[in-house]
Amino acid sequence: MSNEFTVSETFNASAETIYTAWISTQGHTLMTGSPANVNGSAGGKFTAWDGYIWGTFAVLETNKRISQAWRTSEFPEGAEDSQVDILLEENEGKTTLTLKHTRIPEGQADGYKTGWQDYYFKPMKEFFG
């Protein structure tokens, strides 16, 4: 069973718009439709979905890449953080977001893959138009 996956989606928004939303409390809350608290600096902490998700920003490359140490309340006790890498590629006013999620606890990858689609990409499609 795989402990990692990659998903991709194209949005009707610039890379700057998506990047800025992802790394800010207000933007993250608005694009997902659920409360978030985000310190959008390298080493900054974040929570999303009422504290179900939390972690820190490991690497931030403005409008291009976001790398996070990431976990949820479903991680087994003692499990290491997983890693989420988000790449933004803008082309003609649209941005393709490619998300690679690695180091996922055994047996949880399928649920998180579905979660990214349902709780991030679907509301982001609505929010960004």
# chains A, B, ... in the order shown; residues from 1 in each chain; ligands from 1
>>> residues_around(residues="Thr6 of chain A", least_positions_apart="5", cutoff="8 Å", atoms="only C-alpha atoms", output="list of chain:residue names")
A:Thr98, A:Leu99, A:Lys100, A:His101
>>> residues_around(residues="Phe46 of chain A", least_positions_apart="4", cutoff="12 Å", atoms="only C-alpha atoms", output="list in words")
Trp22, Ile23, Ser24, Thr25, His28, Thr29, Pro35, Ala36, Asn37, Val38, Asn39, Gly40, Ser41, Ala42, Asp50, Gly51, Tyr52, Ile53, Trp54, Gly55, Thr56, Phe57, Ala58, Gln68, Ala69, Trp70, Arg71 and Thr72 of chain A
>>> residues_around(residues="Tyr120 of chain A", least_positions_apart="4", cutoff="10 Å", atoms="only C-alpha atoms", output="VMD selection string")
chain A and resid 28 31 to 34 114 to 116 124 to 125
>>> select_by_dssp(residues="segment 43-103 of chain A", states="strand (DSSP E)", output="VMD selection string")
chain A and resid 45 to 48 53 to 61 65 to 72 82 to 91 94 to 102
>>> select_by_dssp(residues="segment 3-74 of chain A", states="alpha helix (DSSP H)", output="VMD selection string")
chain A and resid 15 to 22 25 to 32
>>> write_last_selection(atoms="N, CA and C atoms", output="mmCIF file, in the first residue's frame")
data_model
loop_
_atom_site.group_PDB
_atom_site.id
_atom_site.type_symbol
_atom_site.label_atom_id
_atom_site.label_comp_id
_atom_site.auth_asym_id
_atom_site.auth_seq_id
_atom_site.Cartn_x
_atom_site.Cartn_y
_atom_site.Cartn_z
ATOM 1 N N ALA A 15 -1.157 32.358 -9.968
ATOM 2 C CA ALA A 15 -0.360 31.679 -8.942
ATOM 3 C C ALA A 15 -0.250 32.570 -7.709
ATOM 4 N N GLU A 16 -0.104 33.859 -7.906
ATOM 5 C CA GLU A 16 -0.002 34.785 -6.774
ATOM 6 C C GLU A 16 -1.267 34.766 -5.922
ATOM 7 N N THR A 17 -2.428 34.734 -6.548
ATOM 8 C CA THR A 17 -3.694 34.715 -5.815
ATOM 9 C C THR A 17 -3.820 33.451 -4.971
ATOM 10 N N ILE A 18 -3.498 32.303 -5.552
ATOM 11 C CA ILE A 18 -3.597 31.036 -4.824
ATOM 12 C C ILE A 18 -2.552 30.979 -3.714
ATOM 13 N N TYR A 19 -1.335 31.344 -4.012
ATOM 14 C CA TYR A 19 -0.252 31.334 -3.019
ATOM 15 C C TYR A 19 -0.612 32.218 -1.826
ATOM 16 N N THR A 20 -1.036 33.443 -2.116
ATOM 17 C CA THR A 20 -1.374 34.396 -1.059
ATOM 18 C C THR A 20 -2.515 33.872 -0.195
ATOM 19 N N ALA A 21 -3.520 33.271 -0.821
ATOM 20 C CA ALA A 21 -4.645 32.716 -0.057
ATOM 21 C C ALA A 21 -4.182 31.565 0.831
ATOM 22 N N TRP A 22 -3.345 30.685 0.302
ATOM 23 C CA TRP A 22 -2.921 29.493 1.039
ATOM 24 C C TRP A 22 -2.163 29.854 2.314
ATOM 25 N N THR A 25 -4.413 33.554 6.960
ATOM 26 C CA THR A 25 -5.578 33.079 7.719
ATOM 27 C C THR A 25 -6.866 33.366 6.963
ATOM 28 N N GLN A 26 -7.061 34.601 6.557
ATOM 29 C CA GLN A 26 -8.307 34.974 5.882
ATOM 30 C C GLN A 26 -8.456 34.245 4.553
ATOM 31 N N GLY A 27 -7.401 34.235 3.749
ATOM 32 C CA GLY A 27 -7.465 33.594 2.438
ATOM 33 C C GLY A 27 -7.727 32.103 2.534
ATOM 34 N N HIS A 28 -7.031 31.433 3.441
ATOM 35 C CA HIS A 28 -7.196 29.984 3.607
ATOM 36 C C HIS A 28 -8.620 29.663 4.060
ATOM 37 N N THR A 29 -9.121 30.467 4.999
ATOM 38 C CA THR A 29 -10.490 30.285 5.488
ATOM 39 C C THR A 29 -11.491 30.472 4.355
ATOM 40 N N LEU A 30 -11.323 31.517 3.567
ATOM 41 C CA LEU A 30 -12.263 31.800 2.484
ATOM 42 C C LEU A 30 -12.203 30.761 1.375
ATOM 43 N N MET A 31 -11.006 30.321 0.986
ATOM 44 C CA MET A 31 -10.915 29.392 -0.148
ATOM 45 C C MET A 31 -11.371 27.984 0.204
ATOM 46 N N THR A 32 -11.328 27.609 1.499
ATOM 47 C CA THR A 32 -11.782 26.268 1.889
ATOM 48 C C THR A 32 -13.173 26.279 2.509
#
>>> residues_around(residues="Gln108 of chain A", least_positions_apart="6", cutoff="9 Å", atoms="only C-alpha atoms", output="PyMOL selection string")
chain A and resi 3+74-75
>>> atom_distance(atom1="atom CA of Asp85 of chain A", atom2="atom CA of Arg65 of chain A")
7.2 Å
